[in-house]
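Structure, as structure tokens:
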Amino acid sequence: MFFSFVVCSILCSLAPARGVPDDHSRTSYNIPITRHTNEISMRYLVQHDLARAIFLSDGYPKFGDSGVLPEVLAHGIESKRSQVVDIYNSAVIYVANVGVGDPPTEYSLIIDTGSSNTWLNATKPYVQTVTSIKTDQQVGVLYGSGWEYLDRVIPAPGFVINNQSIGVAQYSYGFDQVDGILGLGPVDLTIGALYPANKTEIPTVTDNLYSQGQIHNNLVGIGFKPYFSNLTILKFAGQLNYTPRTTRSPSKNYWGIDMSVNYGSTSLVIYGAGIVDTDAFGAYQNQTGAILDQDTGLLRITLEQYSCLQLMTFTSNGHTFELIPDAQIWPRKLNEAIGGSLEYIYLVVADLGQHTGSGMDFVIGYAFLERYYTVYDSSTGSVGFGMTPATYGVFNY
């Protein structure tokens with residue numbers, strides 16, 4: 001399922017506990033994250049999200065790929081560069097202020113679970129200090145290339161990572177008003193990013209926190225606050241329910257899972273790997289009676305049709321998660337920001353043109369993640385979801 005959504009604030013927790021929420025909240029290390037919005041980009045919401053999904057589905061060239069030379073990556077991949085601009089100049093991104101070095105310089109880094117490298121020097125220059133060590137490795141990914149450094153990274157006060165691998169960009173593409181990326185994806189995404197050691201995994205931020213004894217489990221949890229809610233920072237209630245990473249490509253390269261998706265009693269995705277495919281999107285549109293709005297690119301319904309919306313259910317590893325009608329719509333107060341009208345209701349399910357069995361049949365985004373606390377567990381290779389006070393809240397209508 002592919003969603004696009006705006007949230008107001010985020011809590012990122014590097015958490016030593018697994019399962020019981022009381023233990024988790026007492027022992028988590030919390031990193032505040034802020035929402036950055038681009039009013040111009042909000043007018044192209046669907047296009048930006050489609051570019052992001054294609055990027056995840058197609059992957060990107062790295063040093064480890066056959067036939068990709070350092071000098072090619074160093075000057076960018078022209079055929080892909082426009083996708084990068086779409087991805088990292090999106091309507092909404094989420095940023096943490098992270099200290100690097102001793103004394104630390106603060107950088108604004110995009111929180112990204114779709115990449116795993118820590119990346120600097122996109123806008124604010126990287127400042128070398130006594131903790132900075134330049135290695136003999138070049139670093140190259142689609143959004144930039146440069147040199148690898150090892151340095152001290154401070155995601156939050158008193159929370160120190162020593163000798164974290166950092167890609168310091170000599171060339172970078174698609175960044176606007178941010179300094180780089182804090183990648184929270186799986187470690188195997190880093191393979192191929194170095195040269196000449198292009199078969200080497202680069203330990204992620206969470207890997208190093210775990211190996212250096214700062215957290216007791218190698219996992220990160222993220223909680224989102226809905227845009228117009230009056231909720232405080234979200235914590236989950238009840239039990240976290242986990243599902244293993246999928247083995248199907250290309251979703252297996254990320255935090256991909258297998259899920260079935262239903263709208264009411266209508267099946268949209270039958271245990272697919274995780275972008276509503278074309279047939280599923282058509283079924284959803286038919287069941288809701290929505291029409292495609294030419295101004296926004298989103299499905300549009302009337303107030304009367306909204307009263308008939310049914311639950312969407314997502315089932316994975318025997319656990320079912322529900323999206324109420326309010327969670328399926330764009331916040332009405334923001335209709336005009338995306339080029340829409342206040343008299344309509346816009347749905348946040350979009351067509352990505354993928355077919356079932358492609359290995360990426362859905363992408364779960366902020367419409368779902370703002371309703372459920374999400375844990376990415378590197379030690380077990382699984383993703384956990386827990387209910388929050390926002391799961392059944394009404395904020396968007």
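Here's how to read the names in the structure tokens: chain A, B, ... by the order shown, residue numbers from 1 in each chain, ligand numbers from 1 in the order shown.
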Contact residues around segment 96-109 of chain A with only C-alpha atoms at 8 Å, ignoring same-chain residues under 3 positions, as JSON, numbers by chain:
{"A": [31, 32, 33, 34, 120, 124, 127, 128, 129, 130, 131, 132, 151, 152, 153, 154, 155, 156, 178, 179, 180, 181, 182]}
Just the residues within 6 Å of segment 259-267 of chain A, please, counting only C-alpha atoms, with nothing from its chain fewer than 2 positions along; format it as a ChimeraX atom specification.
/A:269-272,310-316
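Using only C-alpha atoms for every distance, the candidate list A:Leu142, A:Ile338, A:Ala367, A:Cys308 yields A:Ile338 as the residue closest to Asp295 of chain A.
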Polymer residues at most 7 Å from Gly144 of chain A, only C-alpha atoms, same-chain spacing of 3 or more positions, as a compact mmCIF listing (two decimals) with all heavy atoms, in the first residue's frame:
```txt
# COMPACT_ATOMS: atom_id res chain seq x y z
N GLY A 76 27.81 11.79 -10.76
CA GLY A 76 26.36 11.57 -10.78
C GLY A 76 25.92 10.71 -11.95
O GLY A 76 26.64 10.53 -12.93
N GLY A 140 30.13 6.10 -2.63
CA GLY A 140 29.32 6.51 -3.77
C GLY A 140 27.94 5.89 -3.74
O GLY A 140 27.80 4.66 -3.68
N VAL A 141 26.91 6.71 -3.73
CA VAL A 141 25.53 6.29 -3.90
C VAL A 141 24.88 7.28 -4.84
O VAL A 141 25.50 8.27 -5.25
CB VAL A 141 24.77 6.23 -2.56
CG1 VAL A 141 25.30 5.10 -1.69
CG2 VAL A 141 24.89 7.56 -1.81
N ALA A 169 30.34 14.26 1.44
CA ALA A 169 30.07 14.46 0.03
C ALA A 169 31.06 15.42 -0.63
O ALA A 169 31.33 16.50 -0.10
CB ALA A 169 28.65 14.97 -0.16
N TYR A 171 30.37 15.53 -4.08
CA TYR A 171 29.26 15.89 -4.95
C TYR A 171 27.99 15.39 -4.26
O TYR A 171 27.97 14.29 -3.71
CB TYR A 171 29.37 15.22 -6.32
CG TYR A 171 30.65 15.53 -7.06
CD1 TYR A 171 31.75 14.69 -6.94
CD2 TYR A 171 30.76 16.65 -7.88
CE1 TYR A 171 32.94 14.96 -7.61
CE2 TYR A 171 31.94 16.93 -8.56
CZ TYR A 171 33.03 16.09 -8.42
OH TYR A 171 34.18 16.36 -9.09
N SER A 172 26.92 16.19 -4.29
CA SER A 172 25.64 15.73 -3.75
C SER A 172 24.52 16.34 -4.57
O SER A 172 24.67 17.42 -5.15
CB SER A 172 25.49 16.11 -2.27
OG SER A 172 25.53 17.51 -2.09
N TYR A 173 23.39 15.63 -4.61
CA TYR A 173 22.29 16.02 -5.49
C TYR A 173 20.96 15.90 -4.75
O TYR A 173 20.73 14.94 -4.02
CB TYR A 173 22.26 15.13 -6.74
CG TYR A 173 23.62 14.92 -7.34
CD1 TYR A 173 24.30 13.72 -7.19
CD2 TYR A 173 24.25 15.95 -8.03
CE1 TYR A 173 25.56 13.54 -7.72
CE2 TYR A 173 25.52 15.78 -8.56
CZ TYR A 173 26.16 14.57 -8.40
OH TYR A 173 27.42 14.40 -8.92
```
Find the residues near Gly384 of chain A: any atom within 9 Å, counting only C-alpha atoms, skip ones fewer than 4 places away on the same chain, and give them as a PyMOL selection string.
chain A and resi 19+221+240-244+373-377
Write out, as a short mmCIF file (atom, residue, chain, number, x, y, z; two decimals), in the first residue's frame, the residues just selected, with N, CA, C and O atoms.
```cif
data_model
loop_
_atom_site.label_atom_id
_atom_site.label_comp_id
_atom_site.auth_asym_id
_atom_site.auth_seq_id
_atom_site.Cartn_x
_atom_site.Cartn_y
_atom_site.Cartn_z
N GLY A 19 8.87 -5.27 23.23
CA GLY A 19 7.60 -5.85 23.61
C GLY A 19 6.79 -5.00 24.55
O GLY A 19 5.88 -4.30 24.15
N GLY A 221 12.73 2.61 17.13
CA GLY A 221 11.28 2.78 17.05
C GLY A 221 10.94 4.21 16.71
O GLY A 221 11.62 5.16 17.12
N LEU A 240 3.67 -5.02 21.23
CA LEU A 240 4.18 -4.90 19.87
C LEU A 240 4.02 -6.23 19.15
O LEU A 240 4.36 -7.28 19.70
N ASN A 241 3.51 -6.18 17.93
CA ASN A 241 3.35 -7.39 17.12
C ASN A 241 4.33 -7.34 15.96
O ASN A 241 4.33 -6.39 15.17
N TYR A 242 5.17 -8.38 15.87
CA TYR A 242 6.27 -8.38 14.92
C TYR A 242 5.98 -9.27 13.71
O TYR A 242 5.27 -10.28 13.82
N THR A 243 6.57 -8.88 12.59
CA THR A 243 6.52 -9.69 11.38
C THR A 243 7.90 -9.69 10.73
O THR A 243 8.59 -8.66 10.75
N PRO A 244 8.38 -10.81 10.21
CA PRO A 244 9.74 -10.86 9.66
C PRO A 244 9.85 -10.10 8.35
O PRO A 244 8.86 -9.93 7.62
N TYR A 373 2.77 2.85 16.28
CA TYR A 373 4.19 2.95 16.61
C TYR A 373 4.92 1.82 15.87
O TYR A 373 4.45 0.68 15.83
N THR A 374 6.07 2.14 15.28
CA THR A 374 6.77 1.18 14.44
C THR A 374 8.18 0.95 14.93
O THR A 374 8.90 1.91 15.24
N VAL A 375 8.58 -0.32 15.01
CA VAL A 375 9.92 -0.70 15.46
C VAL A 375 10.62 -1.46 14.35
O VAL A 375 10.05 -2.39 13.76
N TYR A 376 11.85 -1.05 14.05
CA TYR A 376 12.69 -1.73 13.06
C TYR A 376 13.80 -2.45 13.82
O TYR A 376 14.69 -1.83 14.38
N ASP A 377 13.73 -3.78 13.86
CA ASP A 377 14.61 -4.59 14.70
C ASP A 377 15.66 -5.29 13.84
O ASP A 377 15.37 -6.25 13.13
#
```
Between atom CA of Val220 of chain A and atom CA of Lys199 of chain A, what is the distance in Å, rounded to a tenth?
25.3 Å
Enumerate as a list in words all residues of segment 159-339 of chain A assigned to alpha helix (DSSP H) by DSSP on the backbone, naming them with the chain letters and numbers the document uses.
Val205, Thr206, Asp207, Asn208, Leu209, Tyr210, Ser211, Thr278, Asp279, Ala280, Phe281, Gly282, Ala283, Tyr284, Gln285, Asn286, Gln287, Thr288, Leu303, Glu304, Gln305 and Tyr306 of chain A
One number please: atom CA of Arg300 of chain A to atom CA of Tyr372 of chain A, in Å, one decimal.
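Computed distance, atom CA of Arg300 of chain A to atom CA of Tyr372 of chain A, equals 25.0 Å.
The neighbours of Gly114 of chain A here are the residues that come within 8 Å of it, using only C-alpha atoms and leaving out any residue fewer than 3 positions away in the same chain; they are Leu56, Gly183, Leu184, Gly185, Tyr254 and Trp255 of chain A.
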Give me the residues near Pro203 of chain A as a PyMOL selection string, where near means some atom within 10 Å (using only C-alpha atoms) and where sequence neighbours in that chain fewer than 4 positions away do not count.
chain A and resi 116-118+164-165+186-188+190+207-209+211
